[in-house]
>>> print(open('query01.txt').read())   # compact mmCIF, C-alpha atoms
# COMPACT_ATOMS: atom_id res chain seq x y z
CA MET A 275 62.53 96.56 -22.53
CA HIS A 276 60.24 98.36 -24.95
CA LYS A 277 59.44 95.04 -26.67
CA LYS A 278 58.62 93.44 -23.33
CA ARG A 279 56.26 96.30 -22.42
CA LYS A 280 54.61 95.98 -25.86
CA SER A 281 54.04 92.25 -25.47
CA GLU A 282 52.57 92.80 -21.98
CA ALA A 283 50.14 95.32 -23.47
CA GLU A 284 49.24 92.85 -26.22
CA ILE A 285 48.56 90.14 -23.66
CA ARG A 286 46.39 92.56 -21.62
CA THR A 287 44.46 93.52 -24.77
CA PHE A 288 44.05 89.84 -25.68
CA TYR A 289 42.63 89.03 -22.24
CA ARG A 290 40.39 92.12 -22.36
CA ILE A 291 38.96 91.02 -25.75
CA LYS A 292 38.61 87.44 -24.49
CA GLY A 293 36.81 88.67 -21.37
CA TRP A 294 34.43 90.81 -23.44
CA SER A 295 33.82 87.93 -25.83
CA ILE A 296 32.88 85.61 -22.98
CA LEU A 297 30.62 88.29 -21.50
CA ILE A 298 28.93 88.85 -24.86
CA LEU A 299 28.51 85.10 -25.33
CA ILE A 300 27.02 84.72 -21.85
CA HIS A 301 24.49 87.48 -22.57
CA VAL A 302 23.77 86.94 -26.24
CA LEU A 303 23.73 83.14 -26.53
CA PRO A 304 20.69 82.65 -24.28
CA ILE A 305 18.88 85.34 -26.31
CA ILE A 306 19.68 83.46 -29.55
CA LEU A 307 18.64 80.14 -28.04
CA PHE A 308 15.53 81.69 -26.51
CA ALA A 309 14.59 83.20 -29.86
CA GLN A 310 14.99 79.79 -31.49
CA SER A 311 12.89 77.95 -28.95
CA ASN A 312 10.45 80.76 -28.24
CA PHE A 313 7.28 79.64 -29.96
CA SER A 314 4.18 81.74 -30.39
CA LEU A 315 0.71 80.71 -31.50
CA VAL A 316 0.17 80.53 -35.27
CA ASN A 317 -2.33 83.20 -36.31
CA ASP A 318 -3.94 81.22 -39.09
CA PRO A 319 -3.40 77.42 -38.81
CA ALA A 320 -5.40 76.91 -42.03
CA ILE A 321 -2.62 78.56 -44.07
CA PHE A 322 -0.02 76.30 -42.45
CA LYS A 323 -2.16 73.18 -43.03
CA LYS A 324 -2.74 74.09 -46.66
CA LYS A 325 0.96 74.74 -47.23
CA LEU A 326 1.86 71.45 -45.47
CA SER A 327 -0.59 69.57 -47.64
CA ILE A 328 0.89 71.09 -50.85
CA GLU A 329 4.50 70.47 -49.79
CA SER A 330 3.93 66.91 -48.52
CA LYS A 331 2.42 66.01 -51.91
CA LYS A 332 5.78 66.86 -53.50
CA ILE A 333 7.59 64.34 -51.28
CA THR A 334 7.67 60.76 -52.48
CA THR A 335 10.56 59.45 -50.37
CA ILE A 336 12.49 60.49 -47.28
CA SER A 337 15.64 58.89 -45.99
CA SER A 338 17.45 60.13 -42.92
CA ASN A 339 19.32 59.20 -39.79
CA PHE A 340 17.71 59.60 -36.40
CA ILE A 341 18.74 60.04 -32.80
CA GLN A 342 16.20 59.04 -30.20
CA GLU A 343 16.36 60.16 -26.58
CA LYS A 344 14.14 58.45 -24.07
CA ASN A 345 14.06 60.60 -20.98
CA LEU A 346 13.17 58.71 -17.81
CA ASP A 347 12.33 61.63 -15.59
CA VAL A 348 11.93 59.81 -12.28
CA LEU A 349 15.18 57.90 -12.75
CA SER A 350 17.03 60.97 -14.09
CA GLU A 351 18.24 58.78 -16.92
CA MET A 352 18.43 59.15 -20.68
CA ILE A 353 18.48 56.22 -23.10
CA ILE A 354 19.93 57.19 -26.47
CA SER A 355 19.29 55.11 -29.60
CA ARG A 356 20.40 55.75 -33.18
CA GLY A 357 19.45 54.41 -36.56
CA HIS A 358 18.15 54.96 -40.10
CA PHE A 359 14.70 56.02 -41.19
CA TYR A 360 13.05 55.58 -44.61
CA PHE A 361 9.66 56.67 -45.86
CA LYS A 362 8.08 55.93 -49.20
CA LYS A 363 4.66 56.94 -50.41
CA GLU A 364 1.95 55.97 -49.72
CA LYS A 365 2.30 54.16 -46.43
CA LYS A 366 5.74 52.63 -46.15
CA LEU A 367 8.04 53.28 -43.22
CA ARG A 368 11.27 51.62 -42.14
CA TRP A 369 12.78 52.32 -38.71
CA GLU A 370 16.09 50.64 -38.27
CA TYR A 371 17.70 50.86 -34.83
CA LEU A 372 21.43 50.24 -34.91
CA GLN A 373 22.54 51.39 -31.45
CA PRO A 374 22.55 50.34 -28.63
CA PHE A 375 20.77 47.29 -30.11
CA SER A 376 19.67 46.00 -33.48
CA TYR A 377 15.93 46.29 -34.13
CA LEU A 378 13.93 46.76 -37.29
CA ILE A 379 10.31 47.83 -37.60
CA ILE A 380 8.62 48.16 -41.00
CA PHE A 381 5.19 49.65 -41.54
CA GLN A 382 3.72 48.75 -44.90
CA ASN A 383 0.16 49.87 -45.37
CA ASP A 384 -1.62 48.03 -42.56
CA LYS A 385 1.07 45.43 -42.03
CA ILE A 386 3.75 45.75 -39.36
CA MET A 387 6.92 43.68 -39.58
CA ILE A 388 9.39 43.48 -36.71
CA LYS A 389 12.81 41.92 -36.75
CA ASP A 390 14.32 41.64 -33.31
CA GLU A 391 17.78 40.09 -33.55
CA ASN A 392 16.89 36.88 -35.42
CA LYS A 393 13.20 36.77 -34.56
CA LYS A 394 10.77 37.98 -37.22
CA ASN A 395 7.15 38.87 -36.52
CA THR A 396 4.38 40.23 -38.69
CA PHE A 397 1.29 41.93 -37.27
CA ASP A 398 -1.91 43.22 -38.72
CA ALA A 399 -2.13 46.85 -37.61
CA ASN A 400 -5.93 46.62 -37.54
CA ALA A 401 -5.90 43.56 -35.30
CA ASN A 402 -3.26 44.80 -32.87
CA LYS A 403 -4.47 47.94 -31.09
CA MET A 404 -1.08 49.14 -29.88
CA PHE A 405 0.80 48.62 -33.12
CA GLY A 406 -2.15 49.99 -35.05
CA GLU A 407 -1.90 53.23 -33.08
CA ILE A 408 1.89 53.41 -33.48
CA ASN A 409 1.45 52.87 -37.23
CA ARG A 410 -1.16 55.62 -37.45
CA ILE A 411 0.96 58.05 -35.40
CA MET A 412 4.15 57.43 -37.36
CA ILE A 413 2.66 57.55 -40.85
CA GLY A 414 0.39 60.41 -39.80
CA CYS A 415 3.33 62.42 -38.46
CA VAL A 416 5.43 62.01 -41.59
CA GLN A 417 2.55 62.73 -43.99
CA GLY A 418 0.94 65.34 -41.77
CA THR A 419 -2.40 63.49 -41.86
CA LEU A 420 -2.45 63.22 -38.08
CA LEU A 421 -3.22 66.94 -38.00
CA GLU A 422 -6.54 66.26 -39.72
CA ASP A 423 -7.57 63.61 -37.19
CA GLU A 424 -9.89 65.83 -35.17
CA LYS A 425 -11.76 62.81 -33.83
CA ASN A 426 -8.72 61.55 -31.90
CA TYR A 427 -6.61 64.67 -31.35
CA GLN A 428 -7.02 68.27 -30.36
CA THR A 429 -4.32 70.34 -32.09
CA GLN A 430 -2.47 73.54 -31.25
CA TYR A 431 -0.17 75.33 -33.71
CA PHE A 432 2.96 77.30 -32.80
CA GLU A 433 5.82 78.82 -34.73
CA ASN A 434 9.17 80.55 -34.40
CA ASN A 435 11.42 81.90 -37.13
CA SER A 436 12.55 78.47 -38.39
CA THR A 437 9.98 75.93 -37.22
CA PHE A 438 6.30 75.09 -36.92
CA LEU A 439 5.35 73.13 -33.81
CA VAL A 440 2.12 71.17 -33.69
CA LYS A 441 0.98 69.87 -30.30
CA LEU A 442 -1.49 67.00 -30.41
CA HIS A 443 -3.57 66.17 -27.34
CA PRO A 444 -5.14 62.71 -27.52
CA LEU A 445 -8.88 62.71 -26.93
CA SER A 446 -9.64 59.02 -26.58
CA PRO A 447 -9.27 57.67 -23.00
CA ALA A 448 -7.30 54.64 -24.23
CA LEU A 449 -4.74 56.82 -25.98
CA LYS A 450 -4.60 59.26 -23.08
CA GLU A 451 -3.41 56.40 -20.88
CA ILE A 452 -0.39 55.93 -23.11
CA LEU A 453 0.44 59.47 -24.22
CA LYS A 454 -0.25 62.91 -22.84
CA GLU A 455 0.89 64.90 -25.87
CA ILE A 456 2.65 64.44 -29.20
CA TRP A 457 4.77 67.33 -30.44
CA ILE A 458 5.70 67.44 -34.12
CA TYR A 459 8.26 69.96 -35.36
CA PHE A 460 8.13 70.92 -39.05
CA SER A 461 10.92 72.77 -40.83
CA LYS A 462 9.71 76.03 -42.39
CA ALA A 463 12.15 75.45 -45.25
CA ASP A 464 10.72 72.20 -46.64
CA PHE A 465 7.77 71.37 -44.34
CA THR A 466 9.26 68.01 -43.34
CA VAL A 467 9.35 66.68 -39.79
CA THR A 468 12.59 67.57 -38.02
CA ARG A 469 11.68 66.37 -34.55
CA LEU A 470 9.05 64.23 -32.89
CA GLU A 471 8.35 64.26 -29.17
CA MET A 472 6.04 61.88 -27.33
CA HIS A 473 5.18 63.07 -23.82
CA GLU A 474 3.76 60.79 -21.15
CA SER A 475 1.71 61.76 -18.10
CA SER A 476 4.57 60.69 -15.81
CA GLY A 477 6.80 63.44 -17.21
CA ASP A 478 8.87 60.98 -19.27
CA TYR A 479 9.24 61.77 -22.94
CA THR A 480 10.80 60.44 -26.11
CA LYS A 481 12.49 62.85 -28.50
CA ILE A 482 13.41 61.76 -32.02
CA ASP A 483 15.60 64.08 -34.12
CA PHE A 484 15.88 63.46 -37.85
CA THR A 485 19.25 64.36 -39.35
CA ASP A 486 20.97 64.18 -42.79
CA LYS A 487 17.57 64.17 -44.45
CA LYS A 488 17.32 63.34 -48.17
CA LEU A 489 14.08 64.03 -50.00
CA ASN A 490 12.89 62.22 -53.12
CA ASP A 491 16.05 60.10 -53.45
CA PRO A 492 15.33 56.62 -54.83
CA VAL A 493 14.42 54.16 -52.04
CA PRO A 494 14.02 50.58 -53.26
CA ASP A 495 10.89 48.62 -52.28
CA GLU A 496 13.14 45.95 -50.76
CA LYS A 497 13.75 48.34 -47.88
CA PHE A 498 10.19 47.64 -46.76
CA SER A 499 10.52 43.89 -46.44
CA PHE A 500 12.74 41.52 -44.46
CA ASN A 501 14.57 40.36 -47.58
CA MET B 69 -20.09 5.48 -2.26
CA THR B 70 -16.86 3.49 -1.71
CA ARG B 71 -15.86 4.18 -5.29
CA TYR B 72 -16.56 7.89 -4.73
CA ARG B 73 -14.41 7.89 -1.58
CA MET B 74 -11.61 6.05 -3.42
CA LYS B 75 -11.77 8.53 -6.28
CA ASN B 76 -11.56 11.36 -3.78
CA SER B 77 -8.62 9.88 -1.93
CA VAL B 78 -6.77 9.35 -5.22
CA LEU B 79 -7.42 12.99 -6.13
CA ILE B 80 -6.25 14.16 -2.69
CA SER B 81 -3.11 12.01 -2.97
CA LEU B 82 -2.40 13.42 -6.40
CA PHE B 83 -2.95 16.93 -5.07
CA LEU B 84 -0.56 16.29 -2.15
CA LEU B 85 2.01 14.79 -4.51
CA LEU B 86 1.80 17.77 -6.80
CA PHE B 87 1.89 20.48 -4.18
CA CYS B 88 4.04 18.88 -1.49
CA LYS B 89 6.77 17.34 -3.56
CA THR B 90 9.13 20.10 -2.56
CA PRO B 91 11.73 19.57 0.14
CA GLU B 92 10.03 22.33 2.13
CA CYS B 93 6.88 20.23 2.44
CA GLN B 94 8.86 17.12 3.21
CA GLY B 95 10.80 18.74 6.05
CA GLN B 96 14.60 18.45 5.77
CA PRO B 97 15.91 17.30 2.39
CA SER B 98 17.29 13.78 2.57
CA SER B 99 20.71 14.84 1.33
CA GLY B 100 20.52 18.39 2.74
CA VAL B 101 23.19 19.44 5.17
CA ALA B 102 23.34 23.01 6.49
CA ASP B 103 26.21 24.77 4.75
CA ASP B 104 27.68 27.76 6.53
CA SER B 105 30.69 28.04 4.21
CA TYR B 106 28.53 28.64 1.11
CA SER B 107 26.27 30.93 3.10
CA ALA B 108 29.30 33.03 4.01
CA SER B 109 30.49 33.27 0.40
CA TRP B 110 27.00 33.68 -1.11
CA LYS B 111 26.75 36.52 -3.63
CA PRO B 112 23.46 38.01 -4.85
CA LEU B 113 22.66 38.21 -8.57
CA ILE B 114 22.42 41.97 -8.34
CA PRO B 115 25.27 43.26 -6.16
CA GLN B 116 24.26 45.21 -3.07
CA ASP B 117 26.27 48.25 -4.21
CA PHE B 118 24.59 48.18 -7.64
CA ASP B 119 23.49 51.56 -9.00
CA LYS B 120 21.84 50.96 -12.37
CA GLY B 121 21.73 48.71 -15.42
CA LEU B 122 20.21 48.91 -18.87
CA PHE B 123 18.97 45.62 -20.33
CA ARG B 124 17.53 44.57 -23.66
CA MET B 125 14.33 42.79 -22.64
CA THR B 126 12.14 40.35 -24.53
CA PHE B 127 8.84 39.36 -23.02
CA ASP B 128 6.89 36.42 -24.39
CA ILE B 129 3.52 35.47 -23.01
CA SER B 130 1.14 33.15 -24.86
CA ARG B 131 1.49 34.33 -28.45
CA ASN B 132 2.57 37.87 -27.62
CA HIS B 133 6.16 38.86 -28.19
CA ILE B 134 7.14 42.22 -26.72
CA THR B 135 10.60 43.71 -26.85
CA GLY B 136 12.21 46.82 -25.44
CA LEU B 137 14.60 48.22 -22.89
CA LEU B 138 14.54 47.65 -19.16
CA MET B 139 16.22 50.21 -16.96
CA ILE B 140 16.88 49.00 -13.41
CA LYS B 141 17.98 51.67 -10.98
CA ARG B 142 18.53 51.87 -7.25
CA ILE B 143 16.48 54.76 -5.89
CA SER B 144 17.44 54.41 -2.23
CA ALA B 145 19.06 51.88 0.09
CA ASN B 146 15.93 49.71 0.13
CA SER B 147 14.23 50.64 -3.12
CA ILE B 148 14.83 49.63 -6.74
CA ARG B 149 12.83 50.84 -9.72
CA MET B 150 12.33 49.07 -13.06
CA VAL B 151 11.08 50.85 -16.17
CA PHE B 152 10.31 48.87 -19.33
CA THR B 153 9.75 50.77 -22.59
CA ASN B 154 9.50 49.60 -26.16
CA GLU B 155 12.07 50.66 -28.77
CA ILE B 156 10.04 53.65 -29.91
CA GLY B 157 9.83 54.85 -26.31
CA ILE B 158 6.32 53.88 -25.24
CA GLN B 159 6.34 52.77 -21.62
CA PHE B 160 5.03 49.31 -20.69
CA PHE B 161 5.60 49.46 -16.97
CA ASP B 162 7.25 51.37 -14.14
CA LEU B 163 7.56 49.21 -11.03
CA GLU B 164 9.19 49.87 -7.69
CA PHE B 165 10.44 47.19 -5.33
CA GLU B 166 10.90 48.04 -1.69
CA ASP B 167 11.63 45.49 1.05
CA ASP B 168 8.01 44.50 1.57
CA LYS B 169 6.28 46.87 -0.82
CA PHE B 170 5.56 46.56 -4.52
CA ILE B 171 4.51 49.85 -6.11
CA ILE B 172 3.03 50.02 -9.61
CA HIS B 173 3.75 53.54 -10.83
CA SER B 174 2.42 52.86 -14.31
CA ILE B 175 1.34 49.91 -16.40
CA PHE B 176 0.33 49.64 -20.04
CA PRO B 177 -3.46 49.01 -20.15
CA SER B 178 -3.23 45.58 -21.81
CA MET B 179 -0.63 44.44 -19.22
CA ASN B 180 -2.69 45.56 -16.26
CA ARG B 181 -3.65 42.06 -15.07
CA HIS B 182 -3.40 41.08 -11.42
CA GLY B 183 -2.01 37.59 -12.21
CA LEU B 184 0.67 38.93 -14.52
CA LEU B 185 1.74 41.64 -12.07
CA THR B 186 1.98 39.13 -9.21
CA LEU B 187 4.13 36.90 -11.38
CA LEU B 188 6.36 39.79 -12.45
CA GLU B 189 6.82 40.83 -8.83
CA LYS B 190 7.80 37.29 -7.78
CA ASP B 191 10.16 36.80 -10.72
CA PHE B 192 11.93 40.12 -10.28
CA ARG B 193 12.21 39.67 -6.51
CA ILE B 194 14.26 36.51 -7.18
CA ILE B 195 16.69 38.62 -9.22
CA LEU B 196 16.83 41.41 -6.63
CA PHE B 197 17.00 39.03 -3.70
CA GLN B 198 19.69 39.90 -1.13
CA LYS B 199 21.60 37.92 1.48
CA ASN B 200 19.70 39.28 4.47
CA LYS B 201 16.61 37.36 3.30
CA ILE B 202 18.33 33.95 3.61
CA LYS B 203 17.09 31.79 6.46
CA LYS B 204 19.06 28.63 5.78
CA ILE B 205 21.22 27.07 3.07
CA SER B 206 21.55 23.30 2.75
CA VAL B 207 23.77 21.33 0.38
CA LEU B 208 22.06 19.01 -2.07
CA LYS B 209 23.65 16.34 -4.22
CA SER B 210 24.27 17.66 -7.73
CA LYS B 211 24.15 15.39 -10.74
CA ILE B 212 25.55 18.08 -13.03
CA PRO B 213 29.36 18.05 -13.38
CA GLU B 214 31.25 21.01 -11.92
CA THR B 215 28.04 22.32 -10.40
CA GLU B 216 27.05 22.59 -6.78
CA LYS B 217 23.44 22.43 -5.72
CA TYR B 218 21.92 24.18 -2.71
CA LEU B 219 18.53 24.45 -1.14
CA VAL B 220 18.05 28.07 -0.12
CA ARG B 221 15.23 28.87 2.31
CA THR B 222 14.36 32.53 2.29
CA GLY B 223 11.72 34.99 3.40
CA ILE B 224 10.18 34.92 -0.09
CA GLY B 225 10.23 31.16 -0.69
CA THR B 226 12.46 28.14 -1.09
CA PHE B 227 14.76 27.85 -4.08
CA THR B 228 17.18 25.38 -5.54
CA TYR B 229 20.39 27.14 -6.54
CA PHE B 230 22.83 25.67 -9.03
CA VAL B 231 26.24 27.23 -8.53
CA ASP B 232 29.39 27.01 -10.62
CA ALA B 233 31.79 24.98 -8.48
CA LYS B 234 34.81 27.05 -9.53
CA THR B 235 33.52 30.61 -9.53
CA LYS B 236 30.74 30.10 -6.97
CA LYS B 237 28.45 32.15 -9.21
CA ILE B 238 24.76 31.30 -9.50
CA ILE B 239 23.98 29.77 -12.89
CA ARG B 240 20.42 28.61 -12.33
CA ILE B 241 17.62 29.09 -9.82
CA ASN B 242 14.49 26.98 -9.58
CA THR B 243 11.58 27.89 -7.34
CA ASN B 244 10.33 25.00 -5.25
CA LYS B 245 7.29 26.29 -3.52
CA SER B 246 4.31 26.01 -5.80
CA ILE B 247 3.31 25.10 -9.31
CA MET B 248 1.55 28.39 -10.02
CA ALA B 249 4.54 30.56 -9.17
CA LYS B 250 7.13 28.13 -10.53
CA ALA B 251 10.04 29.92 -12.13
CA ILE B 252 13.30 28.84 -13.67
CA LEU B 253 16.09 31.35 -14.00
CA ALA B 254 19.17 30.78 -16.14
CA ILE B 255 22.04 33.20 -15.66
CA THR B 256 25.26 33.93 -17.52
CA HIS B 257 27.80 36.18 -15.90
CA ASN B 258 30.21 38.95 -16.63
CA PRO B 259 33.56 38.74 -14.91
CA GLU B 260 32.36 41.55 -12.63
CA GLY B 261 29.14 43.29 -11.68
CA LEU B 262 25.72 42.60 -13.16
CA PRO B 263 24.86 39.32 -14.93
CA ASN B 264 25.32 39.41 -18.68
CA GLN B 265 22.08 37.55 -19.34
CA ILE B 266 19.11 36.43 -17.26
CA GLY B 267 16.44 34.15 -18.64
CA ILE B 268 13.25 33.68 -16.63
CA TYR B 269 10.73 31.01 -17.51
CA ASN B 270 7.38 30.41 -15.84
CA PRO B 271 6.23 27.08 -17.30
CA THR B 272 2.65 27.21 -16.00
CA GLN B 273 1.87 30.64 -17.44
CA LYS B 274 4.20 30.17 -20.41
CA LEU B 275 5.84 33.49 -19.60
CA ARG B 276 9.39 33.88 -20.80
CA ILE B 277 11.51 36.94 -20.03
CA ASN B 278 15.01 37.42 -21.34
CA LEU B 279 17.32 40.18 -20.16
CA LEU B 280 20.53 41.00 -21.94
CA LEU B 281 22.84 43.57 -20.35
CA ILE B 282 23.56 46.60 -22.55
CA SER B 283 25.30 48.88 -20.08
CA ASN B 284 25.68 49.62 -16.39
>>> encode(input="query01.txt", output="structure tokens")
Amino acid sequence: MHKKRKSEAEIRTFYRIKGWSILILIHVLPIILFAQSNFSLVNDPAIFKKKLSIESKKITTISSNFIQEKNLDVLSEMIISRGHFYFKKEKKLRWEYLQPFSYLIIFQNDKIMIKDENKKNTFDANANKMFGEINRIMIGCVQGTLLEDEKNYQTQYFENNSTFLVKLHPLSPALKEILKEIWIYFSKADFTVTRLEMHESSGDYTKIDFTDKKLNDPVPDEKFSFN
Amino acid sequence: MTRYRMKNSVLISLFLLLFCKTPECQGQPSSGVADDSYSASWKPLIPQDFDKGLFRMTFDISRNHITGLLMIKRISANSIRMVFTNEIGIQFFDLEFEDDKFIIHSIFPSMNRHGLLTLLEKDFRIILFQKNKIKKISVLKSKIPETEKYLVRTGIGTFTYFVDAKTKKIIRINTNKSIMAKAILAITHNPEGLPNQIGIYNPTQKLRINLLLISN
């Protein structure tokens, strides 16, 4: 009888603790999340830019996985793609989409190579306006050079305790038609890009998260060709 | 003068031959017999209860090769929206098809050409086409084994449908009406639901669109 009463008390205590835990979680979790996403304006962007320039000079290669979410606002739909990403100094990028389709895009200096299933195409970034802009945005984001492009973008700098966020507003009418804003998230730990967001005027946006990042690991040149 | 008139009449004849070679211009097709049984069993390419579908899309026009993802989604009972983006997420177009309305919500600057948009509307309307638009179906003689051939007169034009004799599923559609809007559609099917692959070819404009179903 005594044992039974004891176990009932234990159960009550367990549920009381569980109830409190849930309450704490409900109240504290949003505060934690808010603190993480709550960005404020950077007081002195010049310090950030200088630090970014120093740190990016130390990086010769980046390899990582990526998850891309294309949010179609009006359709309330999300298209999720996954793949591998490689960067090698000076201007070599490899985006390899593995899911839900196979697609490879390589940026090498001013040359853009695309492999779509079995079809291979090579473009001159200077001759093709759209691909030229994509090339400039991608390389510029990874190297941080896009931040210096005051002719084409107006920049705003934000930060929270773990991340710097740079918002780029295109200035040229042609670019404005394609993109409303580009948001680049830099890790405060190593000054590399952790997330890239491309926002369109329609409200649709593309979010690319870089995961399992490896810096300065050897990346063979063959990664930047079809062979 | 006589030579000039002759030259003109030859040109006019050629013009008539080119533009009125379709059964629609010739009145009833010689072998065409109204077919109520096929009409009753006729199934649209995109089922009427369809909700959404994600396709891998390739778009070839002249020397341009564009690839990306096409999301097709029903917005309401009489409205379907199509959004085409490239792999990196940049949007090429956002089009809405209502019964008699074609709404361009957004279009990539270099694709914003009246001729191209008209062609896209016509091509996609063939895919979205539903039974209530059919005016008459006539049987034509098919030379392809295990394939039935029908002449389908609709509110948006006249088409020749090639149908698998066993499954009664549409495997090919040819437009008959005019040279400029000529389109050839080749379709492969899933056992159920949306087609697995749709190939659209406009020979005059050398526009080729290929849709490969990813998910629905």
>>> interface_residues(input="query01.txt", of="chain B", to="chain A", cutoff="10 Å", atoms="all atoms listed in the file", output="PyMOL selection string")
chain B and resi 120+122+124+126+133-137+139-143+149-151+153+155-160+162+173-178+282-283
>>> closest_residue(input="query01.txt", among="A:Lys332, A:Lys323, A:His358, A:Lys488", to="A:Thr419", atoms="all atoms listed in the file")
A:Lys323
>>> residues_around(input="query01.txt", residues="B:Ala254", least_positions_apart="4", cutoff="9 Å", atoms="only C-alpha atoms", output="list in words")
Ile238, Ile239, Arg240, Ile241, Asn242, Gln265, Ile266, Gly267, Ile268 and Tyr269 of chain B
>>> residues_near_point(input="query01.txt", point="(24.0, 37.1, 1.7)", cutoff="8 Å", atoms="only C-alpha atoms", output="NGL selection string")
:B and (107-112 or 198-202)
>>> atom_distance(input="query01.txt", atom1="atom CA of A:Pro492", atom2="atom CA of A:Thr335")
7.1 Å
>>> atom_distance(input="query01.txt", atom1="atom CA of B:Asp191", atom2="atom CA of B:Thr215")
23.0 Å
>>> residues_around(input="query01.txt", residues="A:Leu445", least_positions_apart="2", cutoff="8 Å", atoms="only C-alpha atoms", output="CSV table (one decimal) with C-alpha atoms, in the coordinates of the input")
chain,number,residue,atom,x,y,z
A,425,LYS,CA,-11.8,62.8,-33.8
A,426,ASN,CA,-8.7,61.6,-31.9
A,427,TYR,CA,-6.6,64.7,-31.4
A,428,GLN,CA,-7.0,68.3,-30.4
A,443,HIS,CA,-3.6,66.2,-27.3
A,447,PRO,CA,-9.3,57.7,-23.0
A,449,LEU,CA,-4.7,56.8,-26.0
A,450,LYS,CA,-4.6,59.3,-23.1
>>> atom_distance(input="query01.txt", atom1="atom CA of B:Leu262", atom2="atom CA of A:Ile354")
20.6 Å
>>> closest_residue(input="query01.txt", among="B:Lys250, B:Lys217, B:His257, B:Lys169", to="B:Ile194", atoms="all atoms listed in the file")
B:Lys250
>>> closest_residue(input="query01.txt", among="B:Leu280, B:Arg193, B:Phe227, B:Phe127", to="B:Ser206", atoms="all atoms listed in the file")
B:Phe227
>>> axis_aligned_box(input="query01.txt", around="stretch 354-357 of chain A", padding_each_side="8 Å", output="AutoDock Vina command-line options")
--center_x 19.8 --center_y 55.8 --center_z -31.5 --size_x 17.1 --size_y 18.8 --size_z 26.1
>>> closest_residue(input="query01.txt", among="A:Glu407, A:Asp398, A:Asp495, A:Asp423", to="A:Glu364", atoms="all atoms listed in the file")
A:Asp495
>>> closest_residue(input="query01.txt", among="B:Tyr229, B:Tyr218, B:Phe197, B:Phe152", to="B:Asp168", atoms="all atoms listed in the file")
B:Phe197
>>> residues_around(input="query01.txt", residues="A:Lys362", least_positions_apart="6", cutoff="9 Å", atoms="all atoms listed in the file", output="number ranges by chain")
A: 333-337, 368, 490, 493-495, 498
